[in-house]
Structures are given as structure tokens and as C-alpha cells.
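Enquirer: Quick one: the structure is below, and I'll ask about it shortly.
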Amino acid sequence: MFRTKVCSEDAPRRKPHPARCAWRWTRLRLSPKVCVYIGDAPEDIQMAHRAGMRAVGVLGGSPVPERLRAASPDATIETIRELPGLLRNF
């Protein structure tokens, strides 16, 4: 389902700097508008939006679900199992 993933050791800058996302979609020759970042922290949402991407917040297991919601993700899900259905309708 995914063409790439970004982990903490993959990028030179820390969240919420958008470089963490931008170098991936650049290498894939994609527009950030067709990319989606999935995260469980408000910094994930901020980073994705700064990079011009949509962001999905995963509330279940988030250490700060209230702050995650307040960061205004494009969508929220309780568990990662809901992600395939959400992406089909995104």
C-alpha cells in the first residue's frame, strides 16, 4: 500500500521541519498534494502540513491525543487498522 516510509533516522532535520517529508516525495517525483503522512503526535501533523501534504492522526496509542486533535489533521482514526478504508476514500 505504501511506496515509502520515513523513520526518525532517515532525515537530517527533526520534526516538525518539513525537510523530513520533502526529500521523500522529491525522490519519488511526486507532488506533496498526492502524499499522506500518518502520525500520532501534533508535530507529525505540523510537519506534513508545512510540507504541503495531507496528514492523518492516529489517536489510539498517541501520547497526546488532545494535542493531536488540536493540530488539525485532515482526518483522524483510532487505530492503524482503519487506514486502508480511509485512504480509499481520501
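Chain lettering (A, B, ...) mirrors the order of the C-alpha cells, residue numbering begins at 1 for each chain separately, and ligand numbering begins at 1 in order of display.
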Please run DSSP on the backbone and report, as a short mmCIF file (atom, residue, chain, number, x, y, z; two decimals) with N, CA, C and O atoms, in the first residue's frame, all residues within stretch 18-72 of chain A that come out as alpha helix (DSSP H).
Expert:
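Below is the file that was written, result_8.cif:
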data_model
loop_
_atom_site.label_atom_id
_atom_site.label_comp_id
_atom_site.auth_asym_id
_atom_site.auth_seq_id
_atom_site.Cartn_x
_atom_site.Cartn_y
_atom_site.Cartn_z
N ALA A 19 11.53 19.21 5.85
CA ALA A 19 12.55 18.50 5.06
C ALA A 19 12.45 17.00 5.25
O ALA A 19 12.78 16.23 4.36
N ARG A 20 12.01 16.58 6.41
CA ARG A 20 11.87 15.15 6.71
C ARG A 20 10.93 14.49 5.70
O ARG A 20 11.14 13.35 5.30
N CYS A 21 9.91 15.20 5.24
CA CYS A 21 8.96 14.67 4.26
C CYS A 21 9.38 15.01 2.84
O CYS A 21 9.27 14.17 1.94
N ALA A 22 9.84 16.22 2.64
CA ALA A 22 10.07 16.72 1.28
C ALA A 22 11.07 15.89 0.49
O ALA A 22 10.87 15.66 -0.70
N TRP A 23 12.09 15.42 1.11
CA TRP A 23 13.09 14.68 0.33
C TRP A 23 12.53 13.37 -0.17
O TRP A 23 12.94 12.88 -1.22
N ARG A 24 11.55 12.79 0.52
CA ARG A 24 10.95 11.54 0.04
C ARG A 24 10.10 11.77 -1.20
O ARG A 24 10.24 11.07 -2.18
N TRP A 25 9.17 12.73 -1.14
CA TRP A 25 8.32 12.91 -2.32
C TRP A 25 9.11 13.46 -3.49
O TRP A 25 8.77 13.22 -4.64
N THR A 26 10.19 14.17 -3.23
CA THR A 26 11.05 14.66 -4.30
C THR A 26 11.72 13.48 -5.00
O THR A 26 11.75 13.41 -6.24
N ARG A 27 12.26 12.55 -4.23
CA ARG A 27 12.91 11.37 -4.82
C ARG A 27 11.94 10.51 -5.60
O ARG A 27 12.31 9.89 -6.59
N PRO A 42 1.29 15.78 17.47
CA PRO A 42 0.97 17.04 16.80
C PRO A 42 2.10 17.50 15.88
O PRO A 42 1.86 18.10 14.84
N GLU A 43 3.34 17.19 16.24
CA GLU A 43 4.48 17.57 15.39
C GLU A 43 4.42 16.88 14.03
O GLU A 43 4.87 17.43 13.02
N ASP A 44 3.87 15.68 14.00
CA ASP A 44 3.69 14.97 12.73
C ASP A 44 2.74 15.74 11.81
O ASP A 44 3.00 15.90 10.61
N ILE A 45 1.66 16.22 12.38
CA ILE A 45 0.65 16.95 11.60
C ILE A 45 1.24 18.28 11.12
O ILE A 45 1.09 18.64 9.94
N GLN A 46 1.92 18.99 11.99
CA GLN A 46 2.54 20.26 11.62
C GLN A 46 3.55 20.06 10.50
O GLN A 46 3.59 20.83 9.54
N MET A 47 4.37 19.03 10.62
CA MET A 47 5.39 18.75 9.62
C MET A 47 4.75 18.46 8.27
O MET A 47 5.17 19.01 7.25
N ALA A 48 3.74 17.60 8.24
CA ALA A 48 3.09 17.25 6.99
C ALA A 48 2.46 18.49 6.34
O ALA A 48 2.63 18.71 5.13
N HIS A 49 1.77 19.29 7.10
CA HIS A 49 1.14 20.48 6.55
C HIS A 49 2.19 21.48 6.05
O HIS A 49 2.00 22.09 4.99
N ARG A 50 3.28 21.63 6.76
CA ARG A 50 4.35 22.53 6.29
C ARG A 50 4.97 22.04 4.99
O ARG A 50 5.46 22.84 4.20
N PRO A 65 -3.33 12.63 22.66
CA PRO A 65 -4.43 12.67 21.70
C PRO A 65 -5.15 14.02 21.63
O PRO A 65 -5.57 14.42 20.54
N GLU A 66 -5.25 14.75 22.71
CA GLU A 66 -5.91 16.05 22.68
C GLU A 66 -5.10 17.04 21.85
O GLU A 66 -5.65 17.81 21.06
N ARG A 67 -3.80 17.03 22.05
CA ARG A 67 -2.92 17.92 21.27
C ARG A 67 -2.90 17.50 19.80
O ARG A 67 -2.80 18.34 18.91
N LEU A 68 -2.99 16.20 19.56
CA LEU A 68 -3.03 15.71 18.18
C LEU A 68 -4.26 16.24 17.47
O LEU A 68 -4.17 16.76 16.35
N ARG A 69 -5.42 16.15 18.09
CA ARG A 69 -6.65 16.70 17.50
C ARG A 69 -6.53 18.21 17.28
O ARG A 69 -6.97 18.73 16.25
N ALA A 70 -5.96 18.90 18.24
CA ALA A 70 -5.83 20.36 18.17
C ALA A 70 -4.91 20.80 17.02
O ALA A 70 -4.99 21.94 16.57
#
Enquirer: Check the DSSP output for the backbone and give back, as a PyMOL selection string, the residues of chain A in strand (DSSP E or B).
Expert: chain A and resi 36-39+54-58+75-77
Enquirer: Which residue, A:Lys5, A:His17, A:Arg81, A:Lys33, has the smallest gap to A:Met53 when you use only C-alpha atoms?
Expert: A:Lys33
Enquirer: Show me, as an MDAnalysis selection string, the residues that have an atom within 10 Å of A:Gly61 when counting only C-alpha atoms, minus same-chain residues fewer than 5 positions from it.
Expert: chainID A and resid 40:41 78:80
